[in-house]
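Worksheet for the structure shown next.
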Amino acid sequence: MIRKLDNNNDTMRVLVIDDEQGIREGCERILKRMGFEVFKANRGDKGLEVVEQEDISIVLLDLKMPGMDGMEVLPRIREMDDAILVIIITGFATIETAIEAMKQGAYDFIPKPFEPDHLRIVVDRARENLRLTRETEKLEEERKKTLLDLGTEKSRIRTIIESLPNGILVTNTQGQVVFMNPAFQQMLDLDPCRPAGEPMEAYISDEGFSKLVHDISQGKYHETDEPPSYELALNHNVYYMARGKPVLAEDGECLGAVITLINITTMKVLDQLKNEFVAKVSHELRSPLSTIHEQLAMVLKDMVEGESAEEQYILSRAKEKTQGMISLIGDLLDLSRIESGAVTREPETVHVGELMKNIVDFLQARAEAKKQTLSLELPDEPLPTITADPRGLESIFGNLISNAVNYTQEGGRIEVTVRKKGNWIVTQVADNGFGIEEKHQKKIFDRFFRVKNAKTRYITGTGLGLPIVKNLVDSMNGSITLESEPDVGTTFTVSLPIEKVGAVECAEPARTAESSA
Ligand code: ADP
């Protein structure tokens, strides 16, 4: 039997089993002074009764007693509680009896007669031994408890991850799958019994998704970066949004990536419905508004100059407002068309230089009205053609140049430069106008965002021009960036890929940029 170790108070219990009264009382005096609680028995069987009833830690046991002697009592005590330390006391100490008693499990040995100091040393050693044993067992229990806690925590986290409705994928730095939760397997229609361990491409072959996972796994993103995302279309009806973060060690080393997958099909459907609704309403409003606008223009034209000045003012304001609404409807229609992916025209071979000349020519009048200089710089060597929708290109550069004209003071300067850089056509629209504060730059491509300050207050606009530009550039696999400083100016840079390095620039019939203004 293993004795309970919850008796942590200092008063350990000692039992003295000896038939000599003098020894029993002498031991009692010494042991009490040492701080023990002392029990006494004058015979072996009585001693065993005390062991049975009390929580005894140390037994001082006489070997020679009438009736049951010490060598008989010793194994019985060991049987009842093997944590009790038994110290043998005997007046017939021989090597043989000592060895025998030790073999039976006695802890120590004191020959009679003994000095009080001798008893103290032996009992103290036993007490220290017990204290250390108890401490070790306590530590062991605590260790077991911690391991149990850890085990419970681990299984709890695992259960949570496994019951998450979102897909979770964890990869190592080589892009091998380390873990996938059941939701991930279900979303990608994977066999639930298929183990992790293979390269990610073995489970899902999608170039963009692979790139996202490999870029994150290889530490191309930092923990503080906005989590990169990728829209995954598995078939035409189901869409997932994948977002990832690097898994970092304590020293900041990247250990892999953790990717979450969310089903965004419903959001996509809603977005499509919203686009269709906006397109429908805009379309329905456009004709009556255009009619009102034209009629207002006719009435204004027929009014005799100088007469009814107030009415003329009211009607011109109404005409301006209808023009603003017509522009808004035009932009909304463009945006919903582009966002729904219905870029109307098939890509054509476009001579960028020629197209830019036409746009700049078309907008020259507007710049002149504000006494601005609008220039176009093309490289000496002919530019390669690109394959794109020319209407889309007109809309991109028409919007950027008209913005430059709008948000630059009278007498300002707008410079458009076109260059070839590797496999890209890079166009910059730079002005020395109002500029855009840094805090607004992030939002500049958001729908309906317009900078409101004293300089822009009287400039009409819809806040849809730049979102249209961004959507079009994205649809052409290009990129757009801006650099801007308040009161210094703004430069928009558009890079478009040259898909086919084709025929060199040659003169083409002029195209107007009417859609862009
Ligand atoms: P809109 O011009 O119809 O307001 P945009 O989406 O084209 O809408 O532009 C959004 C906002 O960005 C504008 O309202 C303006 O404040 C700012 N902006 C755009 N281009 C420039 C520029 N070249 N210089 C300064 N601010 C600009």
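Numbering starts fresh at 1 for the residues of each chain in the structure tokens, the chains themselves are lettered A, B, ... in the order given, and ligands are numbered from 1 as they appear.
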Within 8 Å of ligand 1, which residues show up when you count only C-alpha atoms and all ligand atoms? List them as a PyMOL selection string, please. chain A and resi 399-401+403-408+430-431+433-436+444-452+456+459-468+484+489-492
If you run DSSP on the backbone here, which positions in region 188-249 of chain A get strand (DSSP E or B)? Please write them as number ranges by chain. A: 199, 229-233, 239-248
Keeping all heavy atoms, export the residues of the selection given above as a tab-separated table (two decimals), in the first residue's frame.
```tsv
chain	number	residue	atom	x	y	z
A	199	PRO	N	3.10	17.75	-51.75
A	199	PRO	CA	3.13	19.17	-52.13
A	199	PRO	C	1.71	19.67	-52.37
A	199	PRO	O	0.84	18.90	-52.81
A	199	PRO	CB	3.92	19.18	-53.44
A	199	PRO	CG	4.63	17.88	-53.48
A	199	PRO	CD	3.85	16.91	-52.68
A	229	SER	N	-4.70	37.99	-50.25
A	229	SER	CA	-5.86	37.15	-50.52
A	229	SER	C	-5.91	36.74	-51.99
A	229	SER	O	-5.24	37.34	-52.83
A	229	SER	CB	-7.13	37.90	-50.14
A	229	SER	OG	-7.19	39.10	-50.87
A	230	TYR	N	-6.72	35.74	-52.26
A	230	TYR	CA	-6.88	35.25	-53.63
A	230	TYR	C	-8.27	34.67	-53.77
A	230	TYR	O	-8.74	33.95	-52.90
A	230	TYR	CB	-5.81	34.19	-53.92
A	230	TYR	CG	-5.96	33.55	-55.27
A	230	TYR	CD1	-5.65	34.26	-56.42
A	230	TYR	CD2	-6.45	32.25	-55.39
A	230	TYR	CE1	-5.81	33.67	-57.67
A	230	TYR	CE2	-6.60	31.66	-56.63
A	230	TYR	CZ	-6.28	32.38	-57.76
A	230	TYR	OH	-6.44	31.81	-58.99
A	231	GLU	N	-8.92	35.03	-54.89
A	231	GLU	CA	-10.27	34.50	-55.12
A	231	GLU	C	-10.17	33.25	-55.96
A	231	GLU	O	-9.61	33.27	-57.05
A	231	GLU	CB	-11.08	35.57	-55.84
A	231	GLU	CG	-12.53	35.52	-55.45
A	231	GLU	CD	-13.29	36.64	-56.11
A	231	GLU	OE1	-13.12	37.78	-55.68
A	231	GLU	OE2	-14.03	36.35	-57.06
A	232	LEU	N	-10.69	32.17	-55.42
A	232	LEU	CA	-10.55	30.87	-56.06
A	232	LEU	C	-11.89	30.46	-56.64
A	232	LEU	O	-12.87	30.35	-55.90
A	232	LEU	CB	-10.10	29.89	-54.97
A	232	LEU	CG	-9.75	28.48	-55.33
A	232	LEU	CD1	-8.48	28.47	-56.17
A	232	LEU	CD2	-9.50	27.67	-54.06
A	233	ALA	N	-11.93	30.27	-57.97
A	233	ALA	CA	-13.19	29.83	-58.59
A	233	ALA	C	-13.00	28.38	-59.00
A	233	ALA	O	-12.28	28.10	-59.95
A	233	ALA	CB	-13.51	30.70	-59.79
A	239	TYR	N	-17.36	29.96	-55.37
A	239	TYR	CA	-16.20	30.84	-55.23
A	239	TYR	C	-15.70	30.82	-53.79
A	239	TYR	O	-16.52	30.82	-52.86
A	239	TYR	CB	-16.57	32.29	-55.58
A	239	TYR	CG	-17.00	32.46	-57.01
A	239	TYR	CD1	-18.33	32.28	-57.37
A	239	TYR	CD2	-16.08	32.78	-58.00
A	239	TYR	CE1	-18.74	32.40	-58.69
A	239	TYR	CE2	-16.47	32.91	-59.32
A	239	TYR	CZ	-17.80	32.72	-59.66
A	239	TYR	OH	-18.19	32.86	-60.96
A	240	TYR	N	-14.39	30.80	-53.62
A	240	TYR	CA	-13.80	30.83	-52.28
A	240	TYR	C	-12.83	32.00	-52.18
A	240	TYR	O	-12.15	32.34	-53.16
A	240	TYR	CB	-13.02	29.55	-51.98
A	240	TYR	CG	-13.90	28.33	-51.91
A	240	TYR	CD1	-13.80	27.31	-52.86
A	240	TYR	CD2	-14.82	28.19	-50.89
A	240	TYR	CE1	-14.61	26.19	-52.80
A	240	TYR	CE2	-15.64	27.08	-50.82
A	240	TYR	CZ	-15.53	26.09	-51.77
A	240	TYR	OH	-16.33	24.99	-51.71
A	241	MET	N	-12.76	32.59	-50.99
A	241	MET	CA	-11.76	33.62	-50.74
A	241	MET	C	-10.67	33.00	-49.87
A	241	MET	O	-10.96	32.53	-48.77
A	241	MET	CB	-12.40	34.83	-50.03
A	241	MET	CG	-11.42	35.91	-49.63
A	241	MET	SD	-10.55	36.62	-51.04
A	241	MET	CE	-11.78	37.71	-51.69
A	242	ALA	N	-9.45	32.95	-50.38
A	242	ALA	CA	-8.33	32.40	-49.60
A	242	ALA	C	-7.52	33.57	-49.03
A	242	ALA	O	-7.19	34.50	-49.77
A	242	ALA	CB	-7.44	31.55	-50.49
A	243	ARG	N	-7.27	33.53	-47.73
A	243	ARG	CA	-6.43	34.55	-47.10
A	243	ARG	C	-5.35	33.83	-46.33
A	243	ARG	O	-5.61	32.78	-45.73
A	243	ARG	CB	-7.24	35.37	-46.09
A	243	ARG	CG	-7.85	36.59	-46.69
A	243	ARG	CD	-8.60	37.37	-45.63
A	243	ARG	NE	-9.69	38.08	-46.24
A	243	ARG	CZ	-9.54	39.19	-46.94
A	243	ARG	NH1	-8.35	39.73	-47.08
A	243	ARG	NH2	-10.57	39.78	-47.49
A	244	GLY	N	-4.15	34.39	-46.33
A	244	GLY	CA	-3.05	33.68	-45.66
A	244	GLY	C	-2.21	34.55	-44.77
A	244	GLY	O	-2.20	35.78	-44.91
A	245	LYS	N	-1.50	33.89	-43.86
A	245	LYS	CA	-0.54	34.60	-42.98
A	245	LYS	C	0.66	33.69	-42.79
A	245	LYS	O	0.51	32.46	-42.79
A	245	LYS	CB	-1.17	34.86	-41.61
A	245	LYS	CG	-2.08	36.07	-41.59
A	245	LYS	CD	-2.04	36.76	-40.26
A	245	LYS	CE	-1.72	38.22	-40.40
A	245	LYS	NZ	-1.35	38.91	-39.24
A	246	PRO	N	1.85	34.27	-42.61
A	246	PRO	CA	3.01	33.41	-42.35
A	246	PRO	C	2.96	32.88	-40.91
A	246	PRO	O	2.44	33.55	-40.03
A	246	PRO	CB	4.20	34.36	-42.53
A	246	PRO	CG	3.64	35.72	-42.31
A	246	PRO	CD	2.20	35.69	-42.69
A	247	VAL	N	3.50	31.67	-40.72
A	247	VAL	CA	3.65	31.13	-39.35
A	247	VAL	C	5.09	31.43	-38.95
A	247	VAL	O	6.02	31.00	-39.63
A	247	VAL	CB	3.41	29.61	-39.32
A	247	VAL	CG1	3.53	29.09	-37.91
A	247	VAL	CG2	2.06	29.28	-39.91
A	248	LEU	N	5.26	32.20	-37.88
A	248	LEU	CA	6.61	32.63	-37.52
A	248	LEU	C	7.10	31.97	-36.23
A	248	LEU	O	6.32	31.79	-35.29
A	248	LEU	CB	6.64	34.15	-37.33
A	248	LEU	CG	6.26	34.98	-38.57
A	248	LEU	CD1	6.34	36.45	-38.26
A	248	LEU	CD2	7.18	34.66	-39.75
```
List the spatial neighbours of Ile77 (chain A) as number ranges by chain - criterion: any atom at most 12 Å away, only C-alpha atoms, same-chain residues fewer than 6 positions off excluded. A: 1-3, 15, 17, 44-52, 56-61, 70-71, 83-87, 104-106
Find the spatial neighbours of Pro66 (chain A), counting only C-alpha atoms, within a cut-off of 9 Å - ignore same-chain residues fewer than 3 positions away - and output them as a list in words.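 Selected residues are Asp19, Arg43, Gly44 and Asp69 of chain A.
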Would you pick out the contacts of Leu315 (chain A) at 9 Å or less, using only C-alpha atoms, so that residues sharing its chain but fewer than 6 positions from it are not included, and give the list as JSON, numbers by chain? {"A": [296, 297, 299, 300]}
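Near Lys103 (chain A), within a cut-off of 12 Å and counting only C-alpha atoms, sit the residues Met71, Leu74, Pro75, Arg78, Glu96 and Thr97 of chain A, with same-chain residues fewer than 6 positions away left out.
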Looking at A:Asn453, A:Asn235, A:Thr481, A:Gln174, which one is nearest to Glu437 (chain A), with distances taken over only C-alpha atoms?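 Checking each candidate against Glu437 (chain A), we get A:Asn453 as the closest.
Each of A:Met187, A:Leu496, A:Leu472, A:Ile314 was compared to Thr385 (chain A) using only C-alpha atoms, and A:Leu496 turns out to be the nearest.
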Any idea what's packed within 10 Å of Phe184 (chain A), counting only C-alpha atoms, ignoring anything in its chain fewer than 5 positions away? Could you give it as a compact mmCIF listing (two decimals) with N, CA, C and O atoms, in the first residue's frame?
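Contents of result06.txt, as written:
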```txt
# COMPACT_ATOMS: atom_id res chain seq x y z
N GLU A 162 -11.04 21.48 -36.03
CA GLU A 162 -11.72 20.50 -36.88
C GLU A 162 -13.20 20.82 -37.05
O GLU A 162 -13.80 20.41 -38.02
N LEU A 164 -14.36 23.97 -37.23
CA LEU A 164 -14.55 25.28 -37.87
C LEU A 164 -15.24 25.14 -39.23
O LEU A 164 -14.92 24.22 -39.98
N PRO A 165 -16.17 26.05 -39.54
CA PRO A 165 -16.82 25.94 -40.85
C PRO A 165 -15.90 26.42 -41.98
O PRO A 165 -16.11 26.09 -43.13
N ASN A 166 -14.88 27.20 -41.64
CA ASN A 166 -13.94 27.69 -42.67
C ASN A 166 -12.83 26.67 -42.89
O ASN A 166 -12.41 26.00 -41.95
N GLY A 167 -12.35 26.60 -44.12
CA GLY A 167 -11.26 25.68 -44.43
C GLY A 167 -9.94 26.20 -43.88
O GLY A 167 -9.69 27.40 -43.93
N ILE A 168 -9.11 25.30 -43.33
CA ILE A 168 -7.80 25.70 -42.82
C ILE A 168 -6.76 24.80 -43.47
O ILE A 168 -6.90 23.58 -43.47
N LEU A 169 -5.72 25.43 -44.00
CA LEU A 169 -4.62 24.68 -44.61
C LEU A 169 -3.33 25.20 -44.01
O LEU A 169 -3.15 26.42 -43.91
N PHE A 179 -1.15 20.27 -42.64
CA PHE A 179 -2.43 20.02 -41.99
C PHE A 179 -3.57 20.59 -42.85
O PHE A 179 -3.41 21.65 -43.47
N ASP A 189 -13.38 19.13 -52.23
CA ASP A 189 -13.82 17.81 -52.66
C ASP A 189 -12.68 16.79 -52.59
O ASP A 189 -12.53 15.95 -53.47
N LEU A 190 -11.89 16.85 -51.52
CA LEU A 190 -10.78 15.91 -51.36
C LEU A 190 -11.26 14.70 -50.57
O LEU A 190 -12.17 14.81 -49.75
N PRO A 192 -11.51 12.50 -47.61
CA PRO A 192 -11.21 12.82 -46.21
C PRO A 192 -10.12 11.92 -45.62
O PRO A 192 -9.49 12.27 -44.62
N ILE A 259 -3.49 29.13 -44.21
CA ILE A 259 -4.44 29.71 -45.18
C ILE A 259 -5.86 29.39 -44.72
O ILE A 259 -6.14 28.26 -44.33
N THR A 260 -6.73 30.40 -44.76
CA THR A 260 -8.14 30.13 -44.48
C THR A 260 -8.93 30.26 -45.77
O THR A 260 -8.60 31.10 -46.62
N LEU A 261 -9.94 29.44 -45.88
CA LEU A 261 -10.77 29.43 -47.09
C LEU A 261 -12.22 29.70 -46.68
O LEU A 261 -12.75 29.00 -45.82
N ILE A 262 -12.82 30.74 -47.28
CA ILE A 262 -14.21 31.08 -46.95
C ILE A 262 -15.04 31.00 -48.22
O ILE A 262 -14.59 31.49 -49.28
```
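Between CA of Asn471 (chain A) and CA of Glu276 (chain A) there is a distance of 17.1 Å.
You can rank A:Arg120, A:Gly392, A:Ile160, A:Asp487 by their closest distance to Ala183 (chain A) using only C-alpha atoms, and at the top of that list sits A:Ile160.
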